[in-house]
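The file coords-v4.json contains JSON, C-alpha atoms and all ligand atoms:
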[["chain", "number", "residue", "atom", "x", "y", "z"],
["A", 1, "MET", "CA", 0.00, 0.00, 0.00],
["A", 2, "PRO", "CA", 1.92, 3.09, -1.14],
["A", 3, "ALA", "CA", 1.57, 5.99, 1.24],
["A", 4, "ILE", "CA", 0.76, 9.54, 0.27],
["A", 5, "ASN", "CA", 4.11, 11.05, 1.04],
["A", 6, "TRP", "CA", 3.79, 14.51, 2.49],
["A", 7, "TYR", "CA", 7.48, 15.02, 2.69],
["A", 8, "PRO", "CA", 8.92, 18.53, 2.75],
["A", 9, "GLY", "CA", 11.15, 17.64, -0.21],
["A", 10, "HIS", "CA", 8.24, 18.54, -2.46],
["A", 11, "MET", "CA", 6.57, 20.94, -0.15],
["A", 12, "ALA", "CA", 4.43, 22.91, -2.60],
["A", 13, "LYS", "CA", 3.14, 19.84, -4.40],
["A", 14, "THR", "CA", 2.69, 18.12, -1.12],
["A", 15, "ARG", "CA", 0.63, 20.93, 0.37],
["A", 16, "ARG", "CA", -1.63, 20.98, -2.69],
["A", 17, "MET", "CA", -2.13, 17.26, -2.48],
["A", 18, "LEU", "CA", -2.80, 17.45, 1.19],
["A", 19, "GLN", "CA", -5.36, 20.18, 0.73],
["A", 20, "GLU", "CA", -7.05, 18.26, -2.07],
["A", 21, "ASN", "CA", -7.30, 15.19, 0.12],
["A", 22, "LEU", "CA", -8.29, 17.09, 3.20],
["A", 23, "LYS", "CA", -11.38, 18.55, 1.55],
["A", 24, "MET", "CA", -12.96, 15.12, 1.63],
["A", 25, "ILE", "CA", -12.00, 14.29, 5.16],
["A", 26, "ASP", "CA", -14.03, 14.77, 8.32],
["A", 27, "VAL", "CA", -11.76, 13.13, 10.87],
["A", 28, "ILE", "CA", -7.98, 12.93, 10.96],
["A", 29, "VAL", "CA", -6.60, 9.98, 12.87],
["A", 30, "GLU", "CA", -3.09, 10.77, 14.04],
["A", 31, "ILE", "CA", -1.03, 7.73, 14.86],
["A", 32, "LEU", "CA", 1.79, 8.27, 17.32],
["A", 33, "ASP", "CA", 4.20, 5.78, 18.79],
["A", 34, "ALA", "CA", 3.14, 5.39, 22.42],
["A", 35, "ARG", "CA", 6.80, 5.01, 23.43],
["A", 36, "ALA", "CA", 7.69, 8.44, 22.03],
["A", 37, "PRO", "CA", 4.57, 10.54, 21.51],
["A", 38, "LYS", "CA", 6.56, 13.74, 21.22],
["A", 39, "ALA", "CA", 9.22, 12.58, 18.80],
["A", 40, "SER", "CA", 6.75, 10.70, 16.61],
["A", 41, "ARG", "CA", 4.46, 13.70, 16.23],
["A", 42, "ASN", "CA", 5.07, 15.81, 13.18],
["A", 43, "PRO", "CA", 5.56, 19.39, 14.34],
["A", 44, "ASP", "CA", 3.16, 20.70, 11.69],
["A", 45, "PHE", "CA", 0.26, 18.46, 12.67],
["A", 46, "ASP", "CA", -1.61, 21.31, 14.29],
["A", 47, "ASP", "CA", -1.22, 23.66, 11.33],
["A", 48, "LEU", "CA", -1.87, 21.04, 8.68],
["A", 49, "PHE", "CA", -5.12, 19.81, 10.15],
["A", 50, "ILE", "CA", -6.54, 23.00, 11.52],
["A", 51, "GLY", "CA", -10.33, 22.94, 11.63],
["A", 52, "LYS", "CA", -10.59, 19.15, 11.29],
["A", 53, "ALA", "CA", -11.95, 16.82, 13.91],
["A", 54, "ARG", "CA", -8.97, 14.88, 15.19],
["A", 55, "VAL", "CA", -8.24, 11.86, 17.30],
["A", 56, "VAL", "CA", -4.89, 10.58, 18.50],
["A", 57, "LEU", "CA", -4.03, 6.91, 18.69],
["A", 58, "LEU", "CA", -1.02, 6.03, 20.80],
["A", 59, "ASN", "CA", -0.08, 2.88, 18.94],
["A", 60, "LYS", "CA", 2.28, 0.10, 20.04],
["A", 61, "SER", "CA", 0.99, 0.65, 23.54],
["A", 62, "ASP", "CA", 1.83, -3.01, 24.17],
["A", 63, "LEU", "CA", 5.47, -1.87, 24.15],
["A", 64, "ALA", "CA", 5.02, 1.30, 26.22],
["A", 65, "ASP", "CA", 4.70, 1.96, 29.93],
["A", 66, "SER", "CA", 0.96, 1.79, 30.56],
["A", 67, "ASN", "CA", 0.98, 4.53, 33.22],
["A", 68, "ALA", "CA", 2.77, 6.88, 30.85],
["A", 69, "THR", "CA", 0.19, 6.09, 28.17],
["A", 70, "LYS", "CA", -2.56, 7.07, 30.61],
["A", 71, "ARG", "CA", -0.77, 10.34, 31.31],
["A", 72, "TRP", "CA", -0.53, 11.06, 27.59],
["A", 73, "ILE", "CA", -4.22, 10.34, 27.13],
["A", 74, "SER", "CA", -5.14, 12.85, 29.83],
["A", 75, "TYR", "CA", -2.67, 15.35, 28.40],
["A", 76, "TYR", "CA", -4.55, 15.22, 25.09],
["A", 77, "ALA", "CA", -7.93, 15.25, 26.83],
["A", 78, "LYS", "CA", -6.96, 18.56, 28.43],
["A", 79, "GLN", "CA", -6.40, 19.92, 24.95],
["A", 80, "GLY", "CA", -9.81, 18.74, 23.85],
["A", 81, "ILE", "CA", -8.45, 15.85, 21.78],
["A", 82, "GLU", "CA", -9.69, 12.33, 22.35],
["A", 83, "ALA", "CA", -6.79, 9.90, 22.55],
["A", 84, "ALA", "CA", -6.47, 6.20, 23.26],
["A", 85, "GLY", "CA", -3.73, 3.64, 23.58],
["A", 86, "VAL", "CA", -3.97, 0.87, 20.99],
["A", 87, "SER", "CA", -1.99, -2.02, 19.56],
["A", 88, "ALA", "CA", -2.62, -2.22, 15.85],
["A", 89, "THR", "CA", -1.33, -5.78, 15.96],
["A", 90, "GLY", "CA", -3.95, -6.73, 18.56],
["A", 91, "GLY", "CA", -7.63, -7.56, 18.32],
["A", 92, "ALA", "CA", -9.17, -4.56, 20.11],
["A", 93, "ALA", "CA", -7.64, -1.84, 17.92],
["A", 94, "LYS", "CA", -10.50, -1.64, 15.43],
["A", 95, "LYS", "CA", -13.23, -1.23, 18.04],
["A", 96, "ILE", "CA", -11.28, 1.43, 19.93],
["A", 97, "ALA", "CA", -10.35, 3.36, 16.79],
["A", 98, "VAL", "CA", -13.85, 3.28, 15.27],
["A", 99, "GLY", "CA", -15.38, 4.32, 18.61],
["A", 100, "LEU", "CA", -13.10, 7.35, 18.85],
["A", 101, "ILE", "CA", -13.62, 8.35, 15.23],
["A", 102, "GLU", "CA", -17.40, 8.18, 15.55],
["A", 103, "LYS", "CA", -17.27, 10.24, 18.73],
["A", 104, "ALA", "CA", -15.11, 12.90, 17.08],
["A", 105, "ALA", "CA", -17.43, 13.06, 14.06],
["A", 106, "LYS", "CA", -20.64, 13.15, 16.08],
["A", 107, "PRO", "CA", -21.14, 16.93, 16.21],
["A", 108, "ARG", "CA", -20.90, 17.10, 12.42],
["A", 109, "VAL", "CA", -23.09, 14.06, 11.89],
["A", 110, "ASP", "CA", -25.70, 15.45, 14.28],
["A", 111, "ALA", "CA", -25.68, 18.85, 12.58],
["A", 112, "MET", "CA", -26.27, 17.18, 9.21],
["A", 113, "LYS", "CA", -28.95, 14.95, 10.65],
["A", 114, "ALA", "CA", -30.79, 18.06, 11.85],
["A", 115, "LYS", "CA", -30.89, 19.10, 8.19],
["A", 116, "GLY", "CA", -32.24, 15.69, 7.23],
["A", 117, "VAL", "CA", -28.97, 14.36, 5.78],
["A", 118, "ASN", "CA", -27.37, 11.10, 6.86],
["A", 119, "LYS", "CA", -23.74, 12.06, 6.61],
["A", 120, "THR", "CA", -21.04, 9.56, 5.72],
["A", 121, "VAL", "CA", -17.99, 10.27, 7.85],
["A", 122, "ARG", "CA", -14.70, 10.03, 6.01],
["A", 123, "CYS", "CA", -11.48, 9.57, 7.90],
["A", 124, "MET", "CA", -7.82, 9.25, 7.12],
["A", 125, "ILE", "CA", -4.89, 7.84, 9.04],
["A", 126, "VAL", "CA", -1.75, 9.96, 9.19],
["A", 127, "GLY", "CA", 1.63, 9.71, 10.87],
["A", 128, "ILE", "CA", 5.38, 9.48, 10.44],
["A", 129, "PRO", "CA", 6.93, 6.26, 9.09],
["A", 130, "ASN", "CA", 6.88, 3.11, 11.20],
["A", 131, "VAL", "CA", 4.21, 4.13, 13.73],
["A", 132, "GLY", "CA", 1.89, 1.39, 12.48],
["A", 133, "LYS", "CA", -0.33, 3.19, 9.95],
["A", 134, "SER", "CA", -0.53, 0.32, 7.46],
["A", 135, "THR", "CA", -1.01, -2.25, 10.17],
["A", 136, "LEU", "CA", -3.91, -0.26, 11.58],
["A", 137, "ILE", "CA", -5.50, 0.32, 8.18],
["A", 138, "ASN", "CA", -5.31, -3.41, 7.51],
["A", 139, "ARG", "CA", -6.79, -4.13, 10.91],
["A", 140, "ILE", "CA", -9.69, -1.70, 10.41],
["A", 141, "ALA", "CA", -10.31, -2.16, 6.70],
["A", 142, "GLY", "CA", -9.01, -5.65, 6.03],
["A", 143, "GLN", "CA", -12.14, -7.70, 5.48],
["A", 144, "ASN", "CA", -14.25, -4.88, 4.12],
["A", 145, "ARG", "CA", -11.60, -4.13, 1.52],
["A", 146, "ALA", "CA", -11.51, -7.73, 0.31],
["A", 147, "GLU", "CA", -15.29, -7.72, -0.20],
["A", 148, "VAL", "CA", -15.13, -4.66, -2.45],
["A", 149, "GLY", "CA", -12.19, -6.06, -4.42],
["A", 150, "ASP", "CA", -13.96, -9.33, -5.07],
["A", 151, "ARG", "CA", -16.95, -7.80, -6.79],
["A", 152, "PRO", "CA", -16.49, -7.91, -10.56],
["A", 153, "GLY", "CA", -16.68, -4.55, -12.24],
["A", 154, "VAL", "CA", -15.87, -2.61, -9.09],
["A", 155, "THR", "CA", -12.84, -0.47, -9.56],
["A", 156, "ARG", "CA", -10.82, 0.31, -6.54],
["A", 157, "GLY", "CA", -10.21, 3.93, -7.62],
["A", 158, "LYS", "CA", -9.80, 6.31, -4.79],
["A", 159, "GLN", "CA", -9.52, 3.88, -2.02],
["A", 160, "TRP", "CA", -12.43, 4.45, 0.31],
["A", 161, "VAL", "CA", -13.28, 1.47, 2.42],
["A", 162, "LYS", "CA", -16.65, 1.24, 4.09],
["A", 163, "ILE", "CA", -16.23, 0.43, 7.76],
["A", 164, "THR", "CA", -19.79, 0.95, 8.95],
["A", 165, "PRO", "CA", -22.83, 2.17, 6.97],
["A", 166, "TYR", "CA", -21.79, 5.75, 7.74],
["A", 167, "LEU", "CA", -18.02, 5.53, 8.11],
["A", 168, "GLU", "CA", -15.40, 5.30, 5.37],
["A", 169, "LEU", "CA", -11.65, 5.10, 5.74],
["A", 170, "MET", "CA", -9.13, 6.16, 3.13],
["A", 171, "ASP", "CA", -7.19, 3.07, 2.20],
["A", 172, "THR", "CA", -3.90, 4.99, 1.99],
["A", 173, "PRO", "CA", -2.09, 6.50, 4.94],
["A", 174, "GLY", "CA", -0.90, 10.08, 4.94],
["A", 175, "MET", "CA", 2.79, 10.02, 5.56],
["A", 176, "LEU", "CA", 4.31, 12.87, 7.48],
["A", 177, "TRP", "CA", 7.95, 13.55, 8.11],
["A", 178, "PRO", "CA", 9.49, 13.06, 11.55],
["A", 179, "LYS", "CA", 10.85, 15.77, 13.77],
["A", 180, "LEU", "CA", 14.60, 15.61, 13.57],
["A", 181, "GLU", "CA", 15.86, 19.04, 14.59],
["A", 182, "ASP", "CA", 15.90, 18.20, 18.27],
["A", 183, "GLN", "CA", 18.79, 15.79, 18.96],
["A", 184, "GLU", "CA", 17.19, 14.10, 21.91],
["A", 185, "LEU", "CA", 13.91, 13.47, 20.11],
["A", 186, "ALA", "CA", 15.78, 12.26, 17.04],
["A", 187, "SER", "CA", 17.67, 9.78, 19.18],
["A", 188, "HIS", "CA", 14.36, 8.45, 20.52],
["A", 189, "LEU", "CA", 13.23, 7.73, 16.96],
["A", 190, "ALA", "CA", 16.54, 6.03, 16.33],
["A", 191, "TYR", "CA", 16.11, 3.79, 19.39],
["A", 192, "LEU", "CA", 12.68, 2.81, 18.08],
["A", 193, "GLY", "CA", 14.08, 2.03, 14.64],
["A", 194, "SER", "CA", 11.98, 4.74, 13.02],
["A", 195, "ILE", "CA", 14.89, 6.43, 11.31],
["A", 196, "LYS", "CA", 17.42, 4.52, 9.33],
["A", 197, "ASP", "CA", 20.16, 2.91, 11.37],
["A", 198, "GLU", "CA", 22.75, 3.64, 8.71],
["A", 199, "ILE", "CA", 22.81, 7.30, 9.62],
["A", 200, "MET", "CA", 23.70, 6.46, 13.21],
["A", 201, "ASP", "CA", 26.62, 4.54, 14.62],
["A", 202, "SER", "CA", 24.90, 1.50, 16.07],
["A", 203, "GLU", "CA", 27.39, 1.08, 18.91],
["A", 204, "ASP", "CA", 26.98, 4.69, 20.03],
["A", 205, "LEU", "CA", 23.23, 4.39, 19.72],
["A", 206, "ALA", "CA", 23.05, 1.15, 21.70],
["A", 207, "ALA", "CA", 25.37, 2.51, 24.41],
["A", 208, "ASP", "CA", 23.19, 5.62, 24.78],
["A", 209, "LEU", "CA", 20.09, 3.46, 24.94],
["A", 210, "LEU", "CA", 21.61, 1.17, 27.54],
["A", 211, "ALA", "CA", 22.55, 4.18, 29.67],
["A", 212, "LEU", "CA", 18.99, 5.46, 29.41],
["A", 213, "LEU", "CA", 17.50, 2.09, 30.29],
["A", 214, "GLN", "CA", 19.82, 1.89, 33.28],
["A", 215, "THR", "CA", 17.95, 4.85, 34.72],
["A", 216, "THR", "CA", 14.40, 4.01, 33.58],
["A", 217, "SER", "CA", 14.38, 0.23, 33.91],
["A", 218, "GLY", "CA", 17.58, -0.78, 35.74],
["A", 219, "ASN", "CA", 16.27, -4.02, 37.22],
["A", 220, "GLN", "CA", 14.85, -5.33, 33.97],
["A", 221, "LEU", "CA", 18.05, -4.45, 32.17],
["A", 222, "ILE", "CA", 20.10, -6.42, 34.66],
["A", 223, "GLU", "CA", 17.66, -9.30, 34.43],
["A", 224, "ARG", "CA", 18.15, -9.41, 30.68],
["A", 225, "TYR", "CA", 21.92, -8.86, 30.63],
["A", 226, "SER", "CA", 23.28, -10.33, 33.84],
["A", 227, "LYS", "CA", 26.71, -8.69, 33.66],
["A", 228, "VAL", "CA", 25.27, -5.18, 33.57],
["A", 229, "ALA", "CA", 25.14, -3.50, 36.98],
["A", 230, "VAL", "CA", 23.33, -0.39, 38.19],
["A", 231, "ASP", "CA", 26.61, 1.50, 38.24],
["A", 232, "THR", "CA", 28.26, 0.12, 35.08],
["A", 233, "PRO", "CA", 29.71, 3.19, 33.36],
["A", 234, "LYS", "CA", 28.30, 4.00, 29.95],
["A", 235, "GLU", "CA", 31.47, 3.09, 28.05],
["A", 236, "GLU", "CA", 31.43, -0.37, 29.65],
["A", 237, "LEU", "CA", 27.78, -1.20, 29.02],
["A", 238, "LEU", "CA", 28.20, -2.89, 25.63],
["A", 239, "ASN", "CA", 31.13, -4.89, 26.97],
["A", 240, "ALA", "CA", 28.91, -6.06, 29.80],
["A", 241, "VAL", "CA", 26.26, -7.15, 27.28],
["A", 242, "CYS", "CA", 28.95, -9.09, 25.38],
["A", 243, "ARG", "CA", 30.00, -10.84, 28.58],
["A", 244, "SER", "CA", 26.39, -11.61, 29.46],
["A", 245, "ARG", "CA", 25.83, -13.30, 26.13],
["A", 246, "GLY", "CA", 29.31, -14.63, 25.40],
["A", 247, "PHE", "CA", 29.74, -12.46, 22.28],
["A", 248, "LEU", "CA", 33.44, -12.95, 21.55],
["A", 249, "LEU", "CA", 35.42, -12.55, 18.38],
["A", 250, "ARG", "CA", 38.21, -14.89, 17.43],
["A", 251, "GLY", "CA", 41.09, -14.03, 19.73],
["A", 252, "GLY", "CA", 38.78, -13.29, 22.62],
["A", 253, "GLU", "CA", 37.93, -9.68, 21.77],
["A", 254, "LEU", "CA", 34.41, -8.60, 22.73],
["A", 255, "ASP", "CA", 32.01, -8.37, 19.78],
["A", 256, "THR", "CA", 30.44, -5.03, 20.68],
["A", 257, "GLU", "CA", 28.97, -4.58, 17.23],
["A", 258, "ARG", "CA", 26.94, -7.75, 17.55],
["A", 259, "ALA", "CA", 25.90, -6.69, 21.05],
["A", 260, "SER", "CA", 24.72, -3.32, 19.76],
["A", 261, "HIS", "CA", 22.41, -4.94, 17.19],
["A", 262, "VAL", "CA", 21.06, -7.38, 19.75],
["A", 263, "VAL", "CA", 20.33, -4.59, 22.23],
["A", 264, "LEU", "CA", 18.54, -2.48, 19.62],
["A", 265, "ASP", "CA", 16.55, -5.44, 18.28],
["A", 266, "GLU", "CA", 15.55, -6.63, 21.73],
["A", 267, "PHE", "CA", 14.56, -3.15, 22.84],
["A", 268, "ARG", "CA", 12.46, -2.58, 19.70],
["A", 269, "ALA", "CA", 10.71, -5.89, 20.20],
["A", 270, "GLY", "CA", 9.85, -4.91, 23.78],
["A", 271, "LYS", "CA", 11.98, -7.69, 25.26],
["A", 272, "ILE", "CA", 13.96, -5.54, 27.69],
["A", 273, "ALA", "CA", 11.20, -3.47, 29.27],
["A", 274, "ARG", "CA", 8.04, -1.56, 28.45],
["A", 275, "VAL", "CA", 9.40, 1.95, 28.30],
["A", 276, "THR", "CA", 8.00, 5.34, 27.36],
["A", 277, "LEU", "CA", 10.84, 7.65, 26.47],
["A", 278, "GLU", "CA", 8.92, 10.91, 26.86],
["A", 279, "GLN", "CA", 6.50, 12.25, 29.42],
["A", 280, "PRO", "CA", 3.90, 14.91, 28.74],
["A", 281, "GLU", "CA", 4.62, 18.36, 30.09],
["A", 282, "THR", "CA", 2.85, 18.81, 33.37],
["A", 283, "GLY", "CA", 0.66, 21.78, 34.18],
["A", 284, "VAL", "CA", -0.87, 21.90, 30.71],
["B", 1, "LIG", "P1", 3.77, 2.47, 8.94],
["B", 1, "LIG", "O1", 2.72, 2.06, 7.96],
["B", 1, "LIG", "O2", 3.33, 3.57, 9.85],
["B", 1, "LIG", "O3", 5.10, 2.77, 8.34],
["B", 1, "LIG", "O4", 4.02, 1.23, 9.95],
["B", 1, "LIG", "P2", 3.69, -0.32, 9.74],
["B", 1, "LIG", "O5", 2.22, -0.54, 9.81],
["B", 1, "LIG", "O6", 4.42, -0.82, 8.57],
["B", 1, "LIG", "O7", 4.33, -0.93, 11.08],
["B", 1, "LIG", "C1", 5.71, -0.84, 11.35],
["B", 1, "LIG", "C2", 6.11, -2.00, 12.23],
["B", 1, "LIG", "O8", 5.48, -1.86, 13.52],
["B", 1, "LIG", "C3", 5.70, -3.37, 11.72],
["B", 1, "LIG", "O9", 6.69, -4.30, 12.12],
["B", 1, "LIG", "C4", 4.44, -3.67, 12.49],
["B", 1, "LIG", "O10", 4.16, -5.04, 12.60],
["B", 1, "LIG", "C5", 4.78, -3.06, 13.82],
["B", 1, "LIG", "N1", 3.59, -2.67, 14.60],
["B", 1, "LIG", "C6", 2.55, -1.92, 14.16],
["B", 1, "LIG", "N2", 1.67, -1.75, 15.16],
["B", 1, "LIG", "C7", 2.15, -2.39, 16.24],
["B", 1, "LIG", "C8", 1.68, -2.55, 17.59],
["B", 1, "LIG", "O11", 0.64, -2.05, 18.01],
["B", 1, "LIG", "N3", 2.49, -3.28, 18.42],
["B", 1, "LIG", "C9", 3.65, -3.84, 18.02],
["B", 1, "LIG", "N4", 4.36, -4.53, 18.93],
["B", 1, "LIG", "N5", 4.12, -3.71, 16.76],
["B", 1, "LIG", "C10", 3.38, -2.99, 15.90],
["B", 1, "LIG", "P3", 7.83, -4.79, 11.14],
["B", 1, "LIG", "O12", 8.79, -5.51, 11.99],
["B", 1, "LIG", "O13", 8.32, -3.66, 10.32],
["B", 1, "LIG", "O14", 7.09, -5.71, 10.19],
["B", 1, "LIG", "P4", 6.47, -7.16, 10.51],
["B", 1, "LIG", "O15", 7.51, -7.89, 11.28],
["B", 1, "LIG", "O16", 5.22, -6.95, 11.31],
["B", 1, "LIG", "O17", 6.21, -7.69, 9.16]]

Could you spell out this file's structure in structure tokens?
Amino acid sequence: MPAINWYPGHMAKTRRMLQENLKMIDVIVEILDARAPKASRNPDFDDLFIGKARVVLLNKSDLADSNATKRWISYYAKQGIEAAGVSATGGAAKKIAVGLIEKAAKPRVDAMKAKGVNKTVRCMIVGIPNVGKSTLINRIAGQNRAEVGDRPGVTRGKQWVKITPYLELMDTPGMLWPKLEDQELASHLAYLGSIKDEIMDSEDLAADLLALLQTTSGNQLIERYSKVAVDTPKEELLNAVCRSRGFLLRGGELDTERASHVVLDEFRAGKIARVTLEQPETGV
């Protein structure tokens, strides 16, 4: 499923395309990564979708700290935006997402109903790469899409999938660019694997991540890599992982490169701990 790429590289064209698409849309569904809701939110979200009903889905919540997810949900609630934690890979995602979308669209639907019109709500899923847009679209639209495709003579033109009698989802995600100016936020996206590893040195990245996990989830880190201690200095952390797993090169040298990939893979798969890298600002 190719995404509509709203990348700043072709800003003017992109804006036009966005505006064209937005005309048809009643509800924007912003997908964020629940482990890094700040870093995974495109800084222009607010400007781009001004005047649209919006909901926020904190996806991959199975990998995030559930208390932090609750705090993020109330942070958005205070701003008048309905948010929910979901796991696009899990069974409940569709029900939660559709419920939120219908709630966000209700004022519009009710206003139309008062005029005697049964309005069809159209929604679109947007977000930066790797937050789970395609997975969620498949989860919400999957079966309905197959039914349409199977009917002879039905062209699949502009990709609207009927979810309920009055709700349609665009079958293509809107792709937004990530926020990379802030070094700390950029490193969060790198830990999550949402920006290409090639632009980072994997050993530096893994060492930084290990140091962070030492503070957020020390016990779980030690449980996973037994030779890591609470006070292992940062420059020794990868060595400790090597010793925990017996990662040695010929000649007995520690294979820190292998350790760095293992640490990043295991963190991304949620095997070390459920961690949320960012907290909402308090007092908002
Ligand atoms: P995108 O369209 O926003 O770029 O993201 P996409 O759906 O391709 O999802 C990116 C990766 O995140 C996929 O893994 C997907 O399975 C995983 N993912 C999506 N939602 C969730 C979730 O709620 N929980 C967890 N744990 N993972 C999720 P992948 O390794 O790239 O692909 P695959 O192994 O699933 O094939």

Protein and nucleic acid residues within 8 Å of ligand LIG 1 (chain B) (only C-alpha atoms and all ligand atoms) as a PyMOL selection string = chain A and resi 3+31+59-63+86-90+127-137+173+175+269-270

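Closest approach to Asp44 in chain A among A:Ile25, A:Ala93, A:Leu221, A:Leu176: A:Leu176, based on only C-alpha atoms.
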
task = For each of A:Asp26, A:Glu82, A:Glu236, A:Asp182, take the minimum atom-to-atom distance to Glu203 in chain A, counting only C-alpha atoms, then give the residue where this is smallest.
result = A:Glu236

key: Pick from A:Asp171, A:Glu20, A:Ala92, A:Thr216, whichever lies nearest to Gly142 in chain A using all atoms listed in the file   = A:Asp171

inquiry  = Please list as a ChimeraX atom specification every residue within 12 Å of Asp201 in chain A, counting all atoms listed in the file and excluding residues in the same chain fewer than 6 positions away.
reply    = /A:187,190-191,207-208,256-257,260-261,264

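For the residues A:Leu210, A:Ile163, A:Val275, A:Ile195, ranking by smallest atom-to-atom distance to Leu237 in chain A using all atoms listed in the file places A:Leu210 first.
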
task = Pick out the residues sitting within 10 Å of Tyr76 in chain A, and hand them over as a list of chain:residue names; count only C-alpha atoms, and ignore anything fewer than 4 positions along from it in its own chain.
result = A:Val55, A:Val56, A:Arg71, A:Trp72, A:Gly80, A:Ile81, A:Glu82, A:Ala83, A:Ala84, A:Pro280, A:Val284

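For the set A:Val121, A:Ala229, A:Leu22, A:Leu58, the residue with the smallest atom-to-atom gap to Ile96 in chain A is A:Leu58, counting all atoms listed in the file.
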
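For Glu102 in chain A, the non-local neighbours within 10 Å, defined as residues at least 2 positions apart in the same chain or in other chains and counting all atoms listed in the file, are Val27, Ala97, Val98, Gly99, Leu100, Ala104, Ala105, Lys106, Pro107, Val109, Val121, Cys123, Tyr166 and Leu167 of chain A.
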
Within 7 Å of Cys242 in chain A, counting only C-alpha atoms, which residues qualify if same-chain residues fewer than 5 places away don't, as a CSV table (one decimal) with C-alpha atoms, in the frame of the given file?
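As a result, out_8.csv now contains:
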chain,number,residue,atom,x,y,z
A,247,PHE,CA,29.7,-12.5,22.3
A,254,LEU,CA,34.4,-8.6,22.7
A,255,ASP,CA,32.0,-8.4,19.8
A,256,THR,CA,30.4,-5.0,20.7
A,259,ALA,CA,25.9,-6.7,21.0

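Shortest atom-to-atom contact with Ala211 in chain A among A:Val230, A:Ala186, A:Val117, A:Leu180: A:Val230, counting only C-alpha atoms.
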
ask   = Which distance in Å separates CA of Thr232 in chain A and CA of Gln279 in chain A, to one decimal?
value = 25.5 Å

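In this structure, CA of Leu48 in chain A sits 14.4 Å away from CA of Met24 in chain A.
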
key: Neighbour list for Lys23 in chain A as a list in words, cut-off 12 Å, all atoms listed in the file, skip fewer than 2 positions in-chain   = Arg16, Met17, Leu18, Gln19, Glu20, Asn21, Ile25, Asp26, Val27, Ile28, Phe49, Ile50, Gly51, Lys52, Arg122, Cys123 and Met124 of chain A

task = Record the distance separating CA of Glu168 in chain A and CA of Lys113 in chain A, expressed in Å with one decimal.
result = 17.5 Å

Taking N, CA, C and O atoms as the atom set, what does range 170-180 of chain A look like once completed, written as a compact mmCIF listing (two decimals), keeping the file's coordinate frame?
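See part.txt below for the written result:
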# COMPACT_ATOMS: atom_id res chain seq x y z
N MET A 170 -9.98 6.13 4.32
CA MET A 170 -9.13 6.16 3.13
C MET A 170 -8.10 5.04 3.25
O MET A 170 -7.44 4.90 4.27
N ASP A 171 -7.99 4.28 2.18
CA ASP A 171 -7.19 3.07 2.20
C ASP A 171 -5.69 3.36 2.03
O ASP A 171 -4.91 2.47 1.71
N THR A 172 -5.30 4.59 2.17
CA THR A 172 -3.90 4.99 1.99
C THR A 172 -3.53 5.91 3.15
O THR A 172 -4.26 6.86 3.42
N PRO A 173 -2.44 5.62 3.82
CA PRO A 173 -2.09 6.50 4.94
C PRO A 173 -1.45 7.79 4.45
O PRO A 173 -0.84 7.82 3.38
N GLY A 174 -1.61 8.84 5.21
CA GLY A 174 -0.90 10.08 4.94
C GLY A 174 0.42 10.04 5.69
O GLY A 174 0.45 9.86 6.90
N MET A 175 1.48 10.14 4.92
CA MET A 175 2.79 10.02 5.56
C MET A 175 3.36 11.40 5.85
O MET A 175 3.48 12.23 4.96
N LEU A 176 3.71 11.60 7.08
CA LEU A 176 4.31 12.87 7.48
C LEU A 176 5.76 12.64 7.86
O LEU A 176 6.16 11.53 8.18
N TRP A 177 6.52 13.70 7.82
CA TRP A 177 7.95 13.55 8.11
C TRP A 177 8.18 13.66 9.62
O TRP A 177 7.46 14.36 10.33
N PRO A 178 9.21 12.99 10.11
CA PRO A 178 9.49 13.06 11.55
C PRO A 178 10.21 14.35 11.93
O PRO A 178 10.73 15.07 11.08
N LYS A 179 10.23 14.58 13.19
CA LYS A 179 10.85 15.77 13.77
C LYS A 179 12.30 15.42 14.08
O LYS A 179 12.56 14.56 14.90
N LEU A 180 13.21 16.04 13.36
CA LEU A 180 14.60 15.61 13.57
C LEU A 180 15.51 16.72 14.07
O LEU A 180 16.69 16.47 14.33
